[in-house]
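Report on the structure given below.
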2 protein chains.
Amino acid sequence: MQDQNQDLKLIKDSQREMILLGQSSALLSWDQETYMPVDAVNSRAEQLALIDKLIHEKLISEELSGAIGNLNKSELSEIDQIMIKRLSHDISIAKKLPLDLVEELSRASSIGHSYWKKAKEGNNFLIFEPHLKKMVELRRKEAEYIGLSGHPYNSLIDKFEEGMTIEKIEVIFEKLKNGLIKLLEEIKNSEKYKMERKSLIKGKDFPRDKQIELAADVVKRMGLENNFFRMDHSAHPFTTRTGTQDTRITISVRDNPLFSFTSAIHEGGHALYECGYHKDFEYTVLDDAPSLGIHESQSRFWENIVGLSKPFWKFYFDKFDEAFNIEGEFEEWYGEVNEISPTLIRTESDEIHYCLHVILRTEIEKGLIEGSIEVKDLPRIWNEKMKEYIGIVPETDTKGVLQDVHWSGGLFGYFPTYAIGTIYSAQLLAAIKKDIPDMEDFILEGEYSKIREWLNEKVHVHGRKYLADDIIKDVCGEGLNSDVFLEYLRKKYSEIYEF
Amino acid sequence: MQDQNQDLKLIKDSQREMILLGQSSALLSWDQETYMPVDAVNSRAEQLALIDKLIHEKLISEELSGAIGNLNKSELSEIDQIMIKRLSHDISIAKKLPLDLVEELSRASSIGHSYWKKAKEGNNFLIFEPHLKKMVELRRKEAEYIGLSGHPYNSLIDKFEEGMTIEKIEVIFEKLKNGLIKLLEEIKNSEKYKMERKSLIKGKDFPRDKQIELAADVVKRMGLENNFFRMDHSAHPFTTRTGTQDTRITISVRDNPLFSFTSAIHEGGHALYECGYHKDFEYTVLDDAPSLGIHESQSRFWENIVGLSKPFWKFYFDKFDEAFNIEGEFEEWYGEVNEISPTLIRTESDEIHYCLHVILRTEIEKGLIEGSIEVKDLPRIWNEKMKEYIGIVPETDTKGVLQDVHWSGGLFGYFPTYAIGTIYSAQLLAAIKKDIPDMEDFILEGEYSKIREWLNEKVHVHGRKYLADDIIKDVCGEGLNSDVFLEYLRKKYSEIYEF
C-alpha cells in the first residue's frame, strides 16, 4: 500500500507537471495571437516546440508507465481508476508514434501552413498541393501506427472524438445531409424566402467600441467574470485556458457587428466549459473535455440555440438599437439574423447550411485517407460537392478548397466534430426544456444563470470522466442523433419562413 | 575533434533550451503583471516554479558538466572559450547551493513577500520582522556556501554584479556620500533654493491618454519599434525580454505625468540594452548583460543624463505644453523637473538624493549579513541614517524601512547596483561627449539615433563577453569612479541653482 501510494503520487505529480507545461504553452500561443510583436515569431515557435517536447517526453517516460504498471488497480478509488484509464489511453497513443514521425508531422505542419497561406493569397492551389499531398501521406502513416479497427480514418477521428468512428458518423451525416437539403428546398419554395428585403446591416457603420461593449456585456451575462476570465482580440476568435482559474477568449471586430457578438457568445460557451470541470479533477487528465464535439456542443448551444433565438434577440435588439441606431423593426432584424442563404465560406454560413459544409469536408477527408480521392483532384471535387450540397460554386480556390486552415496543419478528423457538436447542441436543448420549461422567460430577461448551471451540472462538471457520447446518452437518453437537430431546425425555420 | 564537436553541440543545445525556458518564464511573469486575471495567481506561481526547476536541473545536470569537462578548451574559438567560462561560472554557483536551501529560499521569499505587504499596509514592522530575520539567516547560509573571498556580503553582491566586492564599493560609496552631502549643502545655501516657487504640476490634471501618447512617443524616438517591442501597463514599471526579438516594457500612469514619462525612458534604456546584444550570442549565456549595474547605467543614462537634460526638455516642453497646457515658462518647468528636494521614498528622489538612499540600504545590508546589525533594530537604524544622509525622518515605517519590496524576497546585494549604474551613466556621458561632441544638438531635435548607436557599439553589443567594470574601463579609461558623477552633478546643478 505504501508503494501503491508512492506510485500514485508519481503519476499525479507527472500529470500536474504536464498540465502546468500545457498551460504555459497555452499562454505562449495566446500571446502569439494577441500581443506578440511580429519579429518574435521564430523564438516563439522554438519556445512552443520545446515545451511540447517536454510534455511528450514526460508522457512517454518509462517512469510514468512503470508506476502505472505497478498499480494494483482494483485497490484504487473509482475516480482514480478512470483517471488511470484515460491517462493510459493518452500514453498508448503517444507511444505508438515513432518520434521521427512526430517531428516530421510537426515540421510538415508549419511548412504546410506557410504554403497554404501563400496559395490562398495567390489563389493558386498548385502551391499548396505538394505539401498537402505530403501531409496526407504522413497522416495515413500515423493512422496505420495508431491502428484502430475499421476504416483508417477512425484512428485520426479518435484523437479529437474519442470513441467515435466514421462508420457511426456516416449513418448520421447521411440522414442529416438529406434532411438539410430537403429543408432547404422547402424554405426556398416559401413565399417569404422569395420576398425582397432590405438589409439592416450591409453598408452601414457599426463603431468598434460599441461592438466590443456589447460583446463584453453578453459574456458577462453568461457568467464569465473578470477575476478568472479575459476577452482580447485576434485575427480569428478562439478560447484557451492558461491556468486553473484563467480562461480567455478572443474576438475579432469586423464590419458586420454580428461577427464579434456571435463569436463572443460562441467562445464564451467554450470558456464556460473550460471553467466548469469538477474541482477534484484539477491537475489530472480528467480536468479536460472528453472530445472536441462535446466542446463544440457548448459553443454552438450558446451561439445558436440561445444566441440566435427569438427571446434572446427580444432582449438584445434594444441594446443593439441603442448602440447602432438600427433602422428597422425587431421582426426584420430577427429575420436578417436568421436569414437562410447559401455562402461559399463555412464560417459565414447559417444554421442550416453550416453542417453541409462540414459534411463536404468529412467526405473529402475520408476519401483522402482511404486513397479514393487524390489531392490533385481536390479543387474539382470541392466544386462539384459545393454545387450539389450548397448550390453555389466558388469562382476561386481561395474561396473554395483553400478557405480553411485545418488541412495545412494536417488536421484530418477535426471537421466532423463541428457537426457532431451542432447536433449535440440541439439534443441538449430538448433535454434542458424538460428540466427548465420556462427557459425562454429567463432568456427574455438576459438572465442565463439557470442555463449555465444546468449545462455545468449535466456536462461540464464531468470533465473527461466519461466519453462524450456517453454524457449525451445520460442527459438526452440517446447518443448522437441528427433527427433531433433536424426537428429543431424545422420548427424554428418553418416559423420564420412561414411554411 | 568529432567528440569535441558533439560536446559543444550538447552544450549549445542545453543553453538554447535553458534560454527558451527562461523566455517562457519571462512571458508568464510579464502576463502576471499586465493582463492575468487575479484568480490565476496560484496556478501561475506553480507554472513559474516548475519552469525555474527545469532550468535549474538542466544547469546542474551531469550531462552538461560532463560535456564541459570533456572539452579541450585550447582548441575552442576565443568566443566559445569565454562562453564556456561564463557558463561554468553559473553552473558552479548553482551547484554550490544544496537543493533544500534553494527551495527554502524560494518558499521564504514568497511568504516574506506577503508578510511584507501586510506590514507595509498596516505600518507594522513587527509583522515582517520574523520573516526578514529568517531571510537574513538563509542568505547568510547562502553566502557561506558560495564562499567568495573577503566579506561574506561579496557572495551576494556577485550574483548581481559579477566581479564587484563590498571592499571596492565602500571606497567609492564613501567618497560619493561625502561629495553628495557637500553638494546638497551648497545647493541649500543658494539663493535660488530658498526662493518660493509655484508648482506647474501639483494639483493639476494630466489626462491618462495624453500621458500614454507621450510615453509612446519618446520610446519610439529612442528607437524601440513595434515589430520587436511593446509597452504595456503594470503597477510598477519593468522591462523584460520574452523572446529573441521580443522585448517589452511597462509603465504606470499616475497623477504626476513625469512618472509615466520618465519611467518609459528608464525602461526604454533597459530595453535598448536587451535588444542590442550581438546576434552571434543568441541562445547562449553571452546573450545577456554582465551585471545589473551596467544594465542600470543604460536606464539611468536615458532617464537622467538625456531625459533630465536641458536640450531634451527644450524639445519636449512644447509637446507637454500642447498635451497638458502647462501654465508656465520653459525655465520654470526645467527647474521643477530638476528640483532638488529630500524625499522619504527612494523611487521618488532627485538625481542627488537618489544615491544616498542606495548607500543607506547598502550599509544596512552589509551590517545584516555580517551580523553587526540586528533585524529588530532596523526601524531605528533606518531613521537615524535618514536623518543623517537625507535630513528627514519618516513618520511611519511604511514610508521608511518597509518602503521597498527587495528585502521581502531576500534580495541583498541588489541595491548597490542602482548606484553603480548611476555612476557608470555619468562616466559614459564623459566618454560619449568625446566621440559625439554635438550630442546636444541631436537631443535638441529629439533625434537620438547617434546616441543609441554609440551605446550599442560600446556597451550593448558585447553582451556578457566581458565583466561590467571591464567594459567601462575600456570605454571610459577607468572602472567605477564616483568623481565623474559628482562632477556631472556639480556642473548641472550649480547652473540650475546659480552658485
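Residue numbering restarts at 1 in every chain; chains get A, B, ... in the order shown in the C-alpha cells, and ligands count up from 1 in that same order.
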Margin query: Using only C-alpha atoms and a distance of at most 9 Å, pull out the residues of chain B that contact chain A, as an NGL selection string.
Written below: :B and (17 or 20-21 or 23-25 or 27-28 or 31 or 35-44 or 46-48 or 50-51 or 226-230 or 242-247)
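Near His233 of chain A, within 8 Å and counting only C-alpha atoms, sit Thr34, Pro237, Thr250, Ile251, Ser252 and Val253 of chain A; same-chain residues fewer than 4 positions away were not included.
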Notebook entry, point to check: What's the 9 Å shell around segment 176-189 of chain B, counting only C-alpha atoms, without same-chain residues fewer than 3 positions away, as number ranges by chain?
Noted result: B: 171-173, 192-194, 340, 352-353, 355-356, 359, 389-390, 482-483, 485-486, 489-490, 493-494, 497-499
Next item on the list: From the DSSP assignment of the backbone, select every residue of segment 197-371 of chain B that is strand (DSSP E or B), and format the answer as a list of chain:residue names.
Entry: B:Phe229, B:Arg230, B:Met231, B:Asp232, B:His233, B:Thr239, B:Thr240, B:Arg241, B:Thr242, B:Gly243, B:Asp246, B:Thr247, B:Arg248, B:Ile249, B:Thr250, B:Ile251, B:Ser291
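Residues in contact with Glu282 of chain A at up to 10 Å, not including ones fewer than 3 positions away on its chain and judged by only C-alpha atoms, are Gln15, Arg16, Ile19, Thr244, Tyr277, His278, Lys279, Val285, Leu286, Asp287, Asp288 and Gly463 of chain A.
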Would you output that residue set with C-alpha atoms, as a PDB file, in the first residue's frame?
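Contents of part.pdb, as written:
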ATOM      1  CA  GLN A  15       0.118  14.905 -14.679  1.00  0.00           C
ATOM      2  CA  ARG A  16       0.492  18.120 -12.700  1.00  0.00           C
ATOM      3  CA  ILE A  19      -0.669  20.282 -17.234  1.00  0.00           C
ATOM      4  CA  THR A 244      -6.511  26.594 -13.446  1.00  0.00           C
ATOM      5  CA  TYR A 277     -14.736  20.951 -14.617  1.00  0.00           C
ATOM      6  CA  HIS A 278     -15.033  19.411 -11.180  1.00  0.00           C
ATOM      7  CA  LYS A 279     -12.519  20.956  -8.776  1.00  0.00           C
ATOM      8  CA  VAL A 285      -6.153  14.300 -17.245  1.00  0.00           C
ATOM      9  CA  LEU A 286      -9.803  14.462 -16.161  1.00  0.00           C
ATOM     10  CA  ASP A 287      -9.590  18.278 -15.995  1.00  0.00           C
ATOM     11  CA  ASP A 288     -10.478  18.483 -19.677  1.00  0.00           C
ATOM     12  CA  GLY A 463     -14.618  16.700 -17.282  1.00  0.00           C
TER      13      GLY A 463
END
DSSP-assigned helix (DSSP H, G or I) among segment 90-162 of chain A, expressed as a short mmCIF file (atom, residue, chain, number, x, y, z; two decimals) with C-alpha atoms, in the first residue's frame:
data_model
loop_
_atom_site.label_atom_id
_atom_site.label_comp_id
_atom_site.auth_asym_id
_atom_site.auth_seq_id
_atom_site.Cartn_x
_atom_site.Cartn_y
_atom_site.Cartn_z
CA ASP A 90 -3.08 9.04 -23.98
CA ILE A 91 0.20 7.29 -23.28
CA SER A 92 -0.58 4.39 -25.59
CA ILE A 93 -1.43 6.74 -28.48
CA ALA A 94 1.71 8.79 -27.86
CA LYS A 95 3.89 5.69 -27.68
CA LYS A 96 2.53 4.23 -30.90
CA LEU A 99 9.49 10.17 -32.63
CA ASP A 100 10.71 10.85 -36.16
CA LEU A 101 7.13 10.76 -37.43
CA VAL A 102 6.05 13.18 -34.72
CA GLU A 103 8.85 15.54 -35.68
CA GLU A 104 8.16 15.15 -39.41
CA LEU A 105 4.48 15.92 -38.80
CA SER A 106 5.35 19.00 -36.80
CA ARG A 107 7.75 20.26 -39.46
CA ALA A 108 5.37 19.48 -42.34
CA SER A 109 2.61 21.26 -40.46
CA SER A 110 4.47 24.53 -40.08
CA ILE A 111 5.79 24.40 -43.66
CA GLY A 112 2.32 23.44 -44.90
CA HIS A 113 0.82 26.39 -43.09
CA SER A 114 3.08 28.91 -44.79
CA TYR A 115 2.49 27.42 -48.27
CA TRP A 116 -1.27 27.25 -47.66
CA LYS A 117 -1.20 30.95 -46.79
CA LYS A 118 0.69 31.76 -49.99
CA ALA A 119 -1.62 29.56 -52.05
CA LYS A 120 -4.71 31.15 -50.55
CA GLU A 121 -3.38 34.68 -51.01
CA GLY A 122 -2.43 33.98 -54.61
CA PHE A 125 -3.82 25.53 -55.33
CA LEU A 126 -0.68 24.21 -57.05
CA ILE A 127 1.48 25.99 -54.47
CA PHE A 128 -0.19 24.04 -51.68
CA GLU A 129 -0.72 20.74 -53.49
CA PRO A 130 2.65 19.01 -52.88
CA HIS A 131 2.59 19.95 -49.19
CA LEU A 132 -0.95 18.73 -48.73
CA LYS A 133 -0.02 15.52 -50.51
CA LYS A 134 2.87 15.03 -48.10
CA MET A 135 0.59 15.77 -45.16
CA VAL A 136 -1.97 13.21 -46.31
CA GLU A 137 0.79 10.62 -46.62
CA LEU A 138 2.08 11.36 -43.12
CA ARG A 139 -1.39 11.18 -41.59
CA ARG A 140 -2.06 7.89 -43.38
CA LYS A 141 1.16 6.59 -41.82
CA GLU A 142 0.03 7.91 -38.45
CA ALA A 143 -3.34 6.19 -38.82
CA GLU A 144 -1.51 2.95 -39.58
CA TYR A 145 0.62 3.26 -36.43
CA ILE A 146 -2.42 4.05 -34.27
CA TYR A 153 -9.80 7.47 -40.84
CA ASN A 154 -11.04 6.24 -37.41
CA SER A 155 -7.55 6.50 -35.98
CA LEU A 156 -7.49 10.20 -36.85
CA ILE A 157 -11.06 10.94 -35.72
CA ASP A 158 -10.44 9.28 -32.37
CA LYS A 159 -7.80 11.87 -31.40
CA PHE A 160 -10.49 14.55 -31.42
#
Next item on the list: Excluding Ile436 of chain A and any residue of its chain fewer than 6 positions from it, enumerate the residues within 10 Å of it, using only C-alpha atoms, and give them as a list in words.
Entry: Phe442, Lys450, Ile451 and Trp454 of chain A
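In this structure, atom CA of Arg464 of chain A sits 4.5 Å away from atom CA of Pro290 of chain A.
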